[in-house]
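J.: data.pdb (PDB, C-alpha atoms, pLDDT in the B column) pasted underneath:
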```
ATOM      1  CA  MET A   1     289.602 118.251  20.525  1.00 86.00           C
ATOM      2  CA  ASP A   2     291.161 120.113  17.604  1.00 95.00           C
ATOM      3  CA  ARG A   3     294.797 119.633  16.674  1.00 96.00           C
ATOM      4  CA  LEU A   4     297.003 121.033  13.934  1.00 97.00           C
ATOM      5  CA  PHE A   5     298.951 118.722  11.618  1.00 98.00           C
ATOM      6  CA  ALA A   6     301.245 119.081   8.592  1.00 98.00           C
ATOM      7  CA  ASN A   7     303.321 121.889  10.118  1.00 97.00           C
ATOM      8  CA  GLY A   8     300.234 123.650  11.406  1.00 97.00           C
ATOM      9  CA  THR A   9     298.468 123.797   8.034  1.00 98.00           C
ATOM     10  CA  VAL A  10     295.667 121.240   8.574  1.00 98.00           C
ATOM     11  CA  ASN A  11     293.184 121.525  11.427  1.00 98.00           C
ATOM     12  CA  ALA A  12     291.432 118.358  12.570  1.00 98.00           C
ATOM     13  CA  ALA A  13     289.162 117.133  15.347  1.00 98.00           C
ATOM     14  CA  GLN A  14     290.512 114.021  17.069  1.00 97.00           C
ATOM     15  CA  THR A  15     288.578 111.768  19.439  1.00 97.00           C
ATOM     16  CA  GLY A  16     288.636 108.181  20.657  1.00 97.00           C
ATOM     17  CA  GLU A  17     291.320 105.547  20.992  1.00 95.00           C
ATOM     18  CA  GLY A  18     292.507 102.794  18.683  1.00 96.00           C
ATOM     19  CA  PRO A  19     293.744 102.535  15.088  1.00 97.00           C
ATOM     20  CA  PRO A  20     293.577 105.849  13.206  1.00 98.00           C
ATOM     21  CA  LEU A  21     290.546 106.462  11.011  1.00 98.00           C
ATOM     22  CA  PHE A  22     290.388 109.634   8.910  1.00 98.00           C
ATOM     23  CA  LEU A  23     287.142 111.122   7.592  1.00 98.00           C
ATOM     24  CA  PHE A  24     287.417 113.545   4.637  1.00 98.00           C
ATOM     25  CA  HIS A  25     284.358 115.754   4.021  1.00 97.00           C
ATOM     26  CA  SER A  26     282.681 116.748   0.766  1.00 94.00           C
ATOM     27  CA  LEU A  27     282.956 120.016  -1.162  1.00 92.00           C
ATOM     28  CA  LEU A  28     279.347 121.037  -0.565  1.00 85.00           C
ATOM     29  CA  SER A  29     279.491 120.304   3.148  1.00 84.00           C
ATOM     30  CA  ASP A  30     282.029 120.470   5.995  1.00 89.00           C
ATOM     31  CA  ARG A  31     283.453 118.178   8.665  1.00 94.00           C
ATOM     32  CA  ALA A  32     280.199 118.447  10.661  1.00 92.00           C
ATOM     33  CA  SER A  33     278.656 116.130   8.071  1.00 93.00           C
ATOM     34  CA  PHE A  34     280.274 113.290  10.059  1.00 97.00           C
ATOM     35  CA  ASP A  35     278.941 114.360  13.467  1.00 96.00           C
ATOM     36  CA  ALA A  36     276.227 111.702  13.499  1.00 96.00           C
ATOM     37  CA  ILE A  37     278.647 108.791  12.976  1.00 98.00           C
ATOM     38  CA  VAL A  38     281.716 109.889  14.965  1.00 98.00           C
ATOM     39  CA  PRO A  39     280.284 108.859  18.383  1.00 98.00           C
ATOM     40  CA  LYS A  40     280.030 105.255  17.199  1.00 97.00           C
ATOM     41  CA  LEU A  41     283.363 105.209  15.355  1.00 98.00           C
ATOM     42  CA  GLU A  42     285.341 106.728  18.231  1.00 98.00           C
ATOM     43  CA  THR A  43     284.526 103.724  20.419  1.00 97.00           C
ATOM     44  CA  SER A  44     286.800 101.578  18.235  1.00 97.00           C
ATOM     45  CA  PHE A  45     289.067 104.064  16.404  1.00 98.00           C
ATOM     46  CA  ARG A  46     291.092 107.175  16.973  1.00 98.00           C
ATOM     47  CA  THR A  47     288.814 109.173  14.718  1.00 98.00           C
ATOM     48  CA  ILE A  48     290.414 112.159  12.977  1.00 98.00           C
ATOM     49  CA  VAL A  49     288.171 114.542  11.042  1.00 98.00           C
ATOM     50  CA  PRO A  50     290.224 117.193   9.220  1.00 98.00           C
ATOM     51  CA  GLU A  51     289.069 120.352   7.558  1.00 98.00           C
ATOM     52  CA  LEU A  52     290.362 119.939   4.019  1.00 98.00           C
ATOM     53  CA  PRO A  53     292.756 122.609   2.701  1.00 97.00           C
ATOM     54  CA  GLY A  54     290.981 125.946   2.378  1.00 95.00           C
ATOM     55  CA  PHE A  55     288.119 124.943   4.698  1.00 95.00           C
ATOM     56  CA  GLY A  56     287.733 126.143   8.271  1.00 94.00           C
ATOM     57  CA  ARG A  57     291.137 126.704   9.874  1.00 96.00           C
ATOM     58  CA  SER A  58     293.100 124.637   7.336  1.00 97.00           C
ATOM     59  CA  HIS A  59     295.338 126.586   4.973  1.00 97.00           C
ATOM     60  CA  ALA A  60     294.494 126.617   1.272  1.00 96.00           C
ATOM     61  CA  VAL A  61     296.985 125.278  -1.267  1.00 97.00           C
ATOM     62  CA  GLN A  62     297.707 126.134  -4.887  1.00 93.00           C
ATOM     63  CA  GLY A  63     298.103 123.457  -7.541  1.00 92.00           C
ATOM     64  CA  GLY A  64     294.753 121.727  -7.915  1.00 92.00           C
ATOM     65  CA  LEU A  65     293.630 118.397  -6.511  1.00 96.00           C
ATOM     66  CA  ALA A  66     297.140 116.939  -6.583  1.00 96.00           C
ATOM     67  CA  ALA A  67     298.357 119.658  -4.220  1.00 97.00           C
ATOM     68  CA  VAL A  68     295.370 119.100  -1.933  1.00 98.00           C
ATOM     69  CA  ALA A  69     296.110 115.357  -1.918  1.00 98.00           C
ATOM     70  CA  ASP A  70     299.777 115.952  -1.123  1.00 98.00           C
ATOM     71  CA  ARG A  71     298.906 118.259   1.779  1.00 98.00           C
ATOM     72  CA  MET A  72     296.500 115.682   3.168  1.00 98.00           C
ATOM     73  CA  ALA A  73     299.103 112.938   2.807  1.00 98.00           C
ATOM     74  CA  GLU A  74     301.384 115.045   4.974  1.00 98.00           C
ATOM     75  CA  ALA A  75     298.610 115.498   7.531  1.00 98.00           C
ATOM     76  CA  VAL A  76     297.719 111.785   7.549  1.00 98.00           C
ATOM     77  CA  GLU A  77     301.328 110.729   8.069  1.00 98.00           C
ATOM     78  CA  ASP A  78     301.718 113.288  10.825  1.00 98.00           C
ATOM     79  CA  ALA A  79     298.511 112.373  12.658  1.00 97.00           C
ATOM     80  CA  ALA A  80     298.839 108.591  12.216  1.00 97.00           C
ATOM     81  CA  GLY A  81     302.184 108.599  14.019  1.00 93.00           C
ATOM     82  CA  GLY A  82     303.534 105.515  12.259  1.00 93.00           C
ATOM     83  CA  ALA A  83     300.297 103.515  12.429  1.00 94.00           C
ATOM     84  CA  SER A  84     298.570 102.303   9.271  1.00 92.00           C
ATOM     85  CA  PRO A  85     295.340 104.303   8.939  1.00 98.00           C
ATOM     86  CA  ILE A  86     292.025 103.791   7.231  1.00 98.00           C
ATOM     87  CA  VAL A  87     290.826 106.766   5.182  1.00 98.00           C
ATOM     88  CA  LEU A  88     287.155 107.413   4.416  1.00 98.00           C
ATOM     89  CA  GLY A  89     286.237 110.160   1.985  1.00 98.00           C
ATOM     90  CA  ASN A  90     282.802 111.439   0.985  1.00 98.00           C
ATOM     91  CA  GLY A  91     282.268 113.308  -2.283  1.00 96.00           C
ATOM     92  CA  TYR A  92     285.151 115.720  -2.829  1.00 97.00           C
ATOM     93  CA  GLY A  93     286.835 114.102   0.165  1.00 98.00           C
ATOM     94  CA  GLY A  94     286.648 110.781  -1.672  1.00 98.00           C
ATOM     95  CA  PHE A  95     288.359 112.247  -4.724  1.00 98.00           C
ATOM     96  CA  VAL A  96     291.053 113.684  -2.445  1.00 98.00           C
ATOM     97  CA  ALA A  97     291.494 110.337  -0.677  1.00 98.00           C
ATOM     98  CA  LEU A  98     291.731 108.455  -3.980  1.00 98.00           C
ATOM     99  CA  GLN A  99     294.242 110.905  -5.452  1.00 98.00           C
ATOM    100  CA  MET A 100     296.242 110.793  -2.221  1.00 98.00           C
ATOM    101  CA  ALA A 101     296.396 106.993  -2.219  1.00 98.00           C
ATOM    102  CA  LEU A 102     297.478 106.934  -5.869  1.00 98.00           C
ATOM    103  CA  ARG A 103     300.201 109.536  -5.361  1.00 98.00           C
ATOM    104  CA  HIS A 104     301.406 108.143  -2.024  1.00 98.00           C
ATOM    105  CA  PRO A 105     301.346 104.326  -2.108  1.00 95.00           C
ATOM    106  CA  GLY A 106     301.110 102.843   1.370  1.00 94.00           C
ATOM    107  CA  ILE A 107     299.596 105.974   2.912  1.00 97.00           C
ATOM    108  CA  ALA A 108     296.494 103.995   3.967  1.00 98.00           C
ATOM    109  CA  SER A 109     295.813 100.354   4.774  1.00 98.00           C
ATOM    110  CA  ARG A 110     292.348 100.576   3.211  1.00 98.00           C
ATOM    111  CA  LEU A 111     289.972 103.144   1.768  1.00 98.00           C
ATOM    112  CA  VAL A 112     286.260 103.843   1.937  1.00 98.00           C
ATOM    113  CA  LEU A 113     285.230 105.980  -1.040  1.00 98.00           C
ATOM    114  CA  ALA A 114     281.668 107.209  -0.628  1.00 98.00           C
ATOM    115  CA  ASP A 115     279.901 108.984  -3.471  1.00 97.00           C
ATOM    116  CA  CYS A 116     282.839 109.801  -5.724  1.00 96.00           C
ATOM    117  CA  GLY A 117     284.502 108.244  -8.764  1.00 97.00           C
ATOM    118  CA  ALA A 118     287.533 108.401 -11.040  1.00 98.00           C
ATOM    119  CA  ALA A 119     286.117 110.782 -13.682  1.00 97.00           C
ATOM    120  CA  PHE A 120     282.930 112.687 -14.438  1.00 97.00           C
ATOM    121  CA  SER A 121     280.832 112.400 -17.568  1.00 95.00           C
ATOM    122  CA  GLU A 122     280.745 115.455 -19.809  1.00 96.00           C
ATOM    123  CA  PRO A 123     277.421 116.633 -18.287  1.00 94.00           C
ATOM    124  CA  GLY A 124     279.005 116.236 -14.858  1.00 93.00           C
ATOM    125  CA  ARG A 125     282.024 118.280 -15.900  1.00 96.00           C
ATOM    126  CA  GLU A 126     279.770 120.968 -17.324  1.00 96.00           C
ATOM    127  CA  ALA A 127     277.840 121.167 -14.043  1.00 93.00           C
ATOM    128  CA  PHE A 128     281.052 122.020 -12.193  1.00 94.00           C
ATOM    129  CA  ARG A 129     282.033 124.578 -14.814  1.00 96.00           C
ATOM    130  CA  ASN A 130     278.623 126.208 -14.469  1.00 95.00           C
ATOM    131  CA  MET A 131     278.768 126.315 -10.669  1.00 94.00           C
ATOM    132  CA  ALA A 132     282.205 127.915 -10.818  1.00 95.00           C
ATOM    133  CA  LYS A 133     281.051 130.447 -13.412  1.00 96.00           C
ATOM    134  CA  ILE A 134     277.865 131.434 -11.597  1.00 96.00           C
ATOM    135  CA  SER A 135     279.569 131.688  -8.214  1.00 95.00           C
ATOM    136  CA  ARG A 136     282.264 133.862  -9.751  1.00 95.00           C
ATOM    137  CA  GLU A 137     279.690 136.197 -11.273  1.00 96.00           C
ATOM    138  CA  LYS A 138     277.022 136.239  -8.554  1.00 96.00           C
ATOM    139  CA  GLY A 139     278.520 134.707  -5.403  1.00 95.00           C
ATOM    140  CA  LEU A 140     277.946 131.423  -3.590  1.00 95.00           C
ATOM    141  CA  GLU A 141     274.375 132.396  -2.730  1.00 95.00           C
ATOM    142  CA  ALA A 142     273.470 131.985  -6.400  1.00 96.00           C
ATOM    143  CA  VAL A 143     274.453 128.305  -6.417  1.00 94.00           C
ATOM    144  CA  THR A 144     273.221 127.355  -2.934  1.00 94.00           C
ATOM    145  CA  ASP A 145     269.950 125.817  -4.157  1.00 92.00           C
ATOM    146  CA  VAL A 146     271.833 123.780  -6.753  1.00 90.00           C
ATOM    147  CA  ALA A 147     274.379 122.683  -4.141  1.00 90.00           C
ATOM    148  CA  MET A 148     271.654 121.525  -1.739  1.00 91.00           C
ATOM    149  CA  ARG A 149     269.860 119.679  -4.536  1.00 87.00           C
ATOM    150  CA  ARG A 150     273.081 117.821  -5.274  1.00 85.00           C
ATOM    151  CA  LEU A 151     273.330 116.830  -1.602  1.00 85.00           C
ATOM    152  CA  PHE A 152     269.727 115.891  -0.830  1.00 86.00           C
ATOM    153  CA  ALA A 153     266.555 115.024  -2.701  1.00 81.00           C
ATOM    154  CA  PRO A 154     263.766 117.652  -2.462  1.00 82.00           C
ATOM    155  CA  GLU A 155     261.631 115.331  -0.311  1.00 85.00           C
ATOM    156  CA  PHE A 156     264.409 114.974   2.264  1.00 88.00           C
ATOM    157  CA  GLN A 157     264.969 118.731   2.304  1.00 88.00           C
ATOM    158  CA  ALA A 158     261.269 119.351   2.957  1.00 91.00           C
ATOM    159  CA  GLN A 159     261.207 116.833   5.809  1.00 92.00           C
ATOM    160  CA  HIS A 160     264.328 118.179   7.568  1.00 90.00           C
ATOM    161  CA  PRO A 161     264.208 121.991   7.552  1.00 92.00           C
ATOM    162  CA  GLU A 162     266.535 122.446  10.544  1.00 91.00           C
ATOM    163  CA  LEU A 163     269.215 120.201   9.083  1.00 88.00           C
ATOM    164  CA  MET A 164     268.928 121.974   5.735  1.00 91.00           C
ATOM    165  CA  ARG A 165     269.271 125.363   7.384  1.00 92.00           C
ATOM    166  CA  GLY A 166     272.539 124.211   8.944  1.00 90.00           C
ATOM    167  CA  ARG A 167     273.779 122.729   5.674  1.00 89.00           C
ATOM    168  CA  ARG A 168     273.072 125.968   3.798  1.00 92.00           C
ATOM    169  CA  GLU A 169     274.890 128.002   6.426  1.00 92.00           C
ATOM    170  CA  ALA A 170     277.868 125.626   6.265  1.00 89.00           C
ATOM    171  CA  PHE A 171     278.027 125.869   2.498  1.00 92.00           C
ATOM    172  CA  LEU A 172     277.927 129.663   2.555  1.00 93.00           C
ATOM    173  CA  ARG A 173     280.947 129.683   4.880  1.00 92.00           C
ATOM    174  CA  THR A 174     283.024 128.056   2.128  1.00 92.00           C
ATOM    175  CA  ASP A 175     285.821 130.207   0.724  1.00 94.00           C
ATOM    176  CA  PRO A 176     284.558 131.124  -2.786  1.00 94.00           C
ATOM    177  CA  ASP A 177     288.024 130.851  -4.328  1.00 95.00           C
ATOM    178  CA  VAL A 178     288.545 127.394  -2.803  1.00 95.00           C
ATOM    179  CA  PHE A 179     285.117 126.313  -4.056  1.00 95.00           C
ATOM    180  CA  ARG A 180     285.812 127.481  -7.605  1.00 95.00           C
ATOM    181  CA  ALA A 181     289.273 125.895  -7.649  1.00 95.00           C
ATOM    182  CA  ALA A 182     287.765 122.584  -6.524  1.00 95.00           C
ATOM    183  CA  CYS A 183     285.053 122.809  -9.197  1.00 95.00           C
ATOM    184  CA  ASP A 184     287.712 123.426 -11.850  1.00 95.00           C
ATOM    185  CA  ALA A 185     289.797 120.513 -10.566  1.00 95.00           C
ATOM    186  CA  LEU A 186     286.874 118.090 -10.572  1.00 96.00           C
ATOM    187  CA  ALA A 187     285.779 119.217 -14.046  1.00 96.00           C
ATOM    188  CA  GLY A 188     289.165 118.182 -15.432  1.00 96.00           C
ATOM    189  CA  LEU A 189     289.802 115.081 -13.326  1.00 96.00           C
ATOM    190  CA  ASP A 190     290.373 111.648 -14.868  1.00 97.00           C
ATOM    191  CA  LEU A 191     292.103 109.019 -12.709  1.00 98.00           C
ATOM    192  CA  ARG A 192     290.798 105.951 -14.561  1.00 98.00           C
ATOM    193  CA  ALA A 193     294.124 104.969 -16.086  1.00 98.00           C
ATOM    194  CA  GLU A 194     295.765 104.900 -12.643  1.00 98.00           C
ATOM    195  CA  LEU A 195     293.248 102.777 -10.767  1.00 98.00           C
ATOM    196  CA  ALA A 196     294.828  99.404 -11.542  1.00 98.00           C
ATOM    197  CA  GLY A 197     297.911 100.391  -9.557  1.00 96.00           C
ATOM    198  CA  LEU A 198     296.024 100.855  -6.267  1.00 97.00           C
ATOM    199  CA  GLU A 199     296.545  97.626  -4.344  1.00 95.00           C
ATOM    200  CA  VAL A 200     294.800  98.349  -1.026  1.00 98.00           C
ATOM    201  CA  PRO A 201     291.285  97.072  -0.278  1.00 98.00           C
ATOM    202  CA  VAL A 202     288.619  99.642  -1.155  1.00 98.00           C
ATOM    203  CA  LEU A 203     284.962  99.843  -0.208  1.00 98.00           C
ATOM    204  CA  VAL A 204     283.138 101.915  -2.826  1.00 98.00           C
ATOM    205  CA  MET A 205     279.769 103.257  -1.666  1.00 98.00           C
ATOM    206  CA  VAL A 206     277.128 105.435  -3.284  1.00 97.00           C
ATOM    207  CA  GLY A 207     273.700 106.720  -2.396  1.00 95.00           C
ATOM    208  CA  GLU A 208     271.007 105.237  -4.601  1.00 93.00           C
ATOM    209  CA  HIS A 209     269.709 108.705  -5.506  1.00 91.00           C
ATOM    210  CA  ASP A 210     273.021 110.594  -5.687  1.00 93.00           C
ATOM    211  CA  GLU A 211     272.790 113.237  -8.419  1.00 89.00           C
ATOM    212  CA  ALA A 212     276.185 114.847  -7.739  1.00 91.00           C
ATOM    213  CA  THR A 213     278.200 111.656  -8.337  1.00 95.00           C
ATOM    214  CA  PRO A 214     275.652 109.230  -9.825  1.00 95.00           C
ATOM    215  CA  PRO A 215     275.901 105.476  -9.161  1.00 97.00           C
ATOM    216  CA  PRO A 216     277.428 104.685 -12.604  1.00 97.00           C
ATOM    217  CA  MET A 217     280.552 106.568 -11.464  1.00 97.00           C
ATOM    218  CA  SER A 218     280.906 104.241  -8.479  1.00 98.00           C
ATOM    219  CA  HIS A 219     280.323 101.179 -10.647  1.00 98.00           C
ATOM    220  CA  GLU A 220     283.116 102.346 -12.955  1.00 98.00           C
ATOM    221  CA  LEU A 221     285.405 103.111 -10.014  1.00 98.00           C
ATOM    222  CA  ALA A 222     284.903  99.721  -8.385  1.00 98.00           C
ATOM    223  CA  ALA A 223     285.398  97.924 -11.698  1.00 98.00           C
ATOM    224  CA  GLY A 224     288.725  99.669 -12.250  1.00 98.00           C
ATOM    225  CA  LEU A 225     290.203  98.875  -8.830  1.00 98.00           C
ATOM    226  CA  PRO A 226     291.927  95.541  -8.209  1.00 98.00           C
ATOM    227  CA  ARG A 227     290.513  94.958  -4.688  1.00 98.00           C
ATOM    228  CA  ALA A 228     287.184  96.773  -4.470  1.00 98.00           C
ATOM    229  CA  GLU A 229     283.665  95.964  -3.358  1.00 98.00           C
ATOM    230  CA  LEU A 230     280.647  98.119  -4.131  1.00 98.00           C
ATOM    231  CA  LYS A 231     277.667  98.909  -1.912  1.00 98.00           C
ATOM    232  CA  ILE A 232     274.591 100.937  -2.875  1.00 97.00           C
ATOM    233  CA  ILE A 233     273.016 102.847   0.021  1.00 96.00           C
ATOM    234  CA  SER A 234     269.289 102.656  -0.578  1.00 93.00           C
ATOM    235  CA  GLY A 235     267.142 105.743  -0.260  1.00 90.00           C
ATOM    236  CA  CYS A 236     270.137 108.102   0.098  1.00 91.00           C
ATOM    237  CA  ALA A 237     271.763 110.811  -1.990  1.00 91.00           C
ATOM    238  CA  HIS A 238     275.252 112.359  -1.854  1.00 93.00           C
ATOM    239  CA  VAL A 239     275.877 112.405   1.927  1.00 93.00           C
ATOM    240  CA  PRO A 240     274.447 109.119   3.242  1.00 94.00           C
ATOM    241  CA  GLN A 241     276.228 109.487   6.595  1.00 95.00           C
ATOM    242  CA  LEU A 242     274.030 112.537   7.241  1.00 91.00           C
ATOM    243  CA  GLN A 243     270.844 111.232   5.685  1.00 91.00           C
ATOM    244  CA  SER A 244     270.894 107.739   7.221  1.00 94.00           C
ATOM    245  CA  PRO A 245     273.729 107.439   9.778  1.00 96.00           C
ATOM    246  CA  GLN A 246     272.840 103.981  11.067  1.00 97.00           C
ATOM    247  CA  GLN A 247     272.524 102.554   7.574  1.00 97.00           C
ATOM    248  CA  PHE A 248     275.873 104.094   6.660  1.00 97.00           C
ATOM    249  CA  LEU A 249     277.551 102.672   9.783  1.00 98.00           C
ATOM    250  CA  GLY A 250     276.083  99.267   9.076  1.00 97.00           C
ATOM    251  CA  ALA A 251     277.438  99.345   5.529  1.00 97.00           C
ATOM    252  CA  ILE A 252     281.030 100.104   6.606  1.00 98.00           C
ATOM    253  CA  GLU A 253     281.187  98.073   9.818  1.00 96.00           C
ATOM    254  CA  GLY A 254     282.419  94.794   8.375  1.00 95.00           C
ATOM    255  CA  PHE A 255     284.961  96.467   6.114  1.00 97.00           C
ATOM    256  CA  LEU A 256     286.460  98.519   8.938  1.00 95.00           C
ATOM    257  CA  ARG A 257     286.973  95.385  11.020  1.00 87.00           C
TER     258      ARG A 257
END
```
Do you think you could lay out the structure here as C-alpha cells?
T.:
Amino acid sequence: MDRLFANGTVNAAQTGEGPPLFLFHSLLSDRASFDAIVPKLETSFRTIVPELPGFGRSHAVQGGLAAVADRMAEAVEDAAGGASPIVLGNGYGGFVALQMALRHPGIASRLVLADCGAAFSEPGREAFRNMAKISREKGLEAVTDVAMRRLFAPEFQAQHPELMRGRREAFLRTDPDVFRAACDALAGLDLRAELAGLEVPVLVMVGEHDEATPPPMSHELAAGLPRAELKIISGCAHVPQLQSPQQFLGAIEGFLR
C-alpha cells in the first residue's frame, strides 16, 4: 500500500514485515523497476519503495542532488520509525542514497549501491549535458532511444519487447524539468573526497555491460569507501534487478543478512 512520508511530500509503497529496507529507483526508470524483487524481499523486510522527489506523487525539490538527498533523509527517518534501515539505490537512486548517507551520518545501517559511483568521467558528464540539452529543445521523446540504450543492451531490448514498451512509457512519464535538473546535478557531481568518511558497510554492485555508469566507476567507488565490497553482475546492464532478478537477489542476499 502507498503511504506519504516527510510531511506528505514523499510517496512510497510499503509491504512486508521486519527491518526497514528502502529501494531508491534510477533516473531513467521508476519504482516499478523493483517489482520483480519486492515479493522476495518483503518476506524478510518491511520493504519501502519511494518515488524520488519529482517522480510520481512525490513533490519536487529545488537545490540539486543535495536537496533531493535531504528530502529522502527526512522520508527515511519518518518511515523507519526509529529502526536502523538498509538503503538500496540503483543508478540515480544510488547517487541519492550515497549523498544522503554522507550528509546524514547514521541514517542507514548499511548501503547497497547498484550501478552508480562518486563522479563521472568527462565523457559521462557530457552525455548528461547532451541529454538535458536535447530534451530541453525537443522533448523527452528525442532522448528516449538513448535512455533505453543506457538501461539495456540492444540484444536484451530485442528479446523483451513488452518490457521495453513499459520502460519507454515509464520514462516518458518523467517530469522533463526534474529530468533535466537531475542530469545537470549528475554532470557536476564529485563525491570522491568525502567517501573516506562513510563508515557503514557498503555493497557496491554494477552490471557487467552497464554503459550509463560503467564498471570503472564502481571500482573507484568501492576503493574509496572504508568498508565496501564490490560485485559485478554478469550479463547485465544498468538495471540488473529488472534484467536478472534472481541473480540480483542472490548477489545481495548475504549482505542483507
J.: Using only C-alpha atoms, which residue out of A:Gly91, A:Asp175, A:Leu113, A:Gly166 lies closest to Ser58 in chain A?
T.: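 When distances to Ser58 in chain A are compared using only C-alpha atoms, the smallest one comes from A:Asp175.
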J.: Please provide the set of residues having any atom within 9 Å of Ala147 in chain A, restricted to only C-alpha atoms, with same-chain residues fewer than 3 positions apart removed, written as an MDAnalysis selection string.
T.: chainID A and resid 28 131 143:144 150:152 168 171 212
J.: Using all atoms listed in the file, pick whichever of A:Ala67, A:Gln247, A:Glu199, A:Gly18 has the shortest atom-to-atom distance to Ala101 in chain A.
T.: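 Nearest to Ala101 in chain A: A:Glu199.
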J.: Quick one: axis-aligned box around all listed atoms of range 127-142 of chain A, 4 Å on every side, centre and edge lengths in Å to one decimal, written as lines of an AutoDock Vina configuration file.
T.:
```
center_x = 277.9
center_y = 128.7
center_z = -8.8
size_x = 16.8
size_y = 23.1
size_z = 20.1
```
J.: The PyMOL selection byres ((chain A and resi 85) around 8) - which residues does that actually catch in the file I just gave you? List them as a list in words.
T.: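 Selected by the PyMOL selection byres ((chain A and resi 85) around 8) here: Pro19, Pro20, Leu21, Phe22, Val76, Ala80, Ala83, Ser84, Ile86, Val87, Ile107, Ala108, Ser109 and Arg110 of chain A.
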J.: To one decimal in Å, tell me the separation between CA of Ala251 in chain A and CA of Lys231 in chain A.
T.: 7.5 Å
J.: For Ala114 in chain A, which residue out of A:Val204, A:Thr47, A:Phe5, A:Pro216 is the nearest one, using all atoms listed in the file?
T.: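 Checking each candidate against Ala114 in chain A, we get A:Val204 as the closest.
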J.: I'd like the neighbourhood of His209 in chain A as a list of chain:residue names, where a residue qualifies if any of its atoms comes within 12 Å (using all atoms listed in the file), though same-chain residues fewer than 5 positions away should be ignored.
T.: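 Result of the neighbour search: A:Asp115, A:Arg149, A:Arg150, A:Leu151, A:Phe152, A:Ala153, A:Pro154, A:Glu155, A:Phe156, A:Pro214, A:Pro215, A:Pro216, A:Ile232, A:Ile233, A:Ser234, A:Gly235, A:Cys236, A:Ala237, A:His238, A:Val239, A:Pro240, A:Gln243.
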J.: Got a sec: who's within 10 Å of Phe255 in chain A, counting only C-alpha atoms, leaving out chain neighbours fewer than 3 positions off, as a ChimeraX atom specification?
T.: /A:110-112,201-203,229,250-252
J.: Residues near Val61 in chain A, anyone? I mean within 12 Å using only C-alpha atoms, not counting same-chain ones fewer than 3 positions away, as a PyMOL selection string.
T.: chain A and resi 9-10+52-55+58+64-72+177-178+181-182
J.: Which one is closest to Pro176 in chain A: A:Ala118, A:Leu4, A:Leu27, A:Ala13? Count all atoms listed in the file.
T.: A:Leu27
J.: Would you work out the distance separating CA of Gly93 in chain A from CA of Cys116 in chain A, expressed in Å to one decimal?
T.: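 Interatomic distance, CA of Gly93 in chain A to CA of Cys116 in chain A: 8.3 Å.
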J.: Would you please work out which residue, of A:Leu41, A:Gly207, A:Gly117, A:Glu141, is nearest to Ala222 in chain A when using all atoms listed in the file?
T.: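 Looking at the shortest contact to Ala222 in chain A, the residue is A:Gly117.
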J.: Taking 3 positions as the minimum chain separation for residues in the same chain, which residues sit within 7 Å of Glu42 in chain A when counting only C-alpha atoms? Answer as a list in words.
T.: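 Those residues are Thr15, Gly16, Glu17, Val38, Pro39, Phe45, Arg46 and Thr47 of chain A.
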J.: Give the answer as one residue: which of A:Gln159, A:Asn11, A:Thr213, A:Ser135 has the shortest atom-to-atom distance to His59 in chain A, using all atoms listed in the file?
T.: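 Residue with the minimum atom-to-atom distance to His59 in chain A: A:Asn11.
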J.: For CA of Pro105 in chain A and CA of Phe34 in chain A, quote the distance in Å rounded to one decimal.
T.: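 Computed distance, CA of Pro105 in chain A to CA of Phe34 in chain A, equals 25.9 Å.
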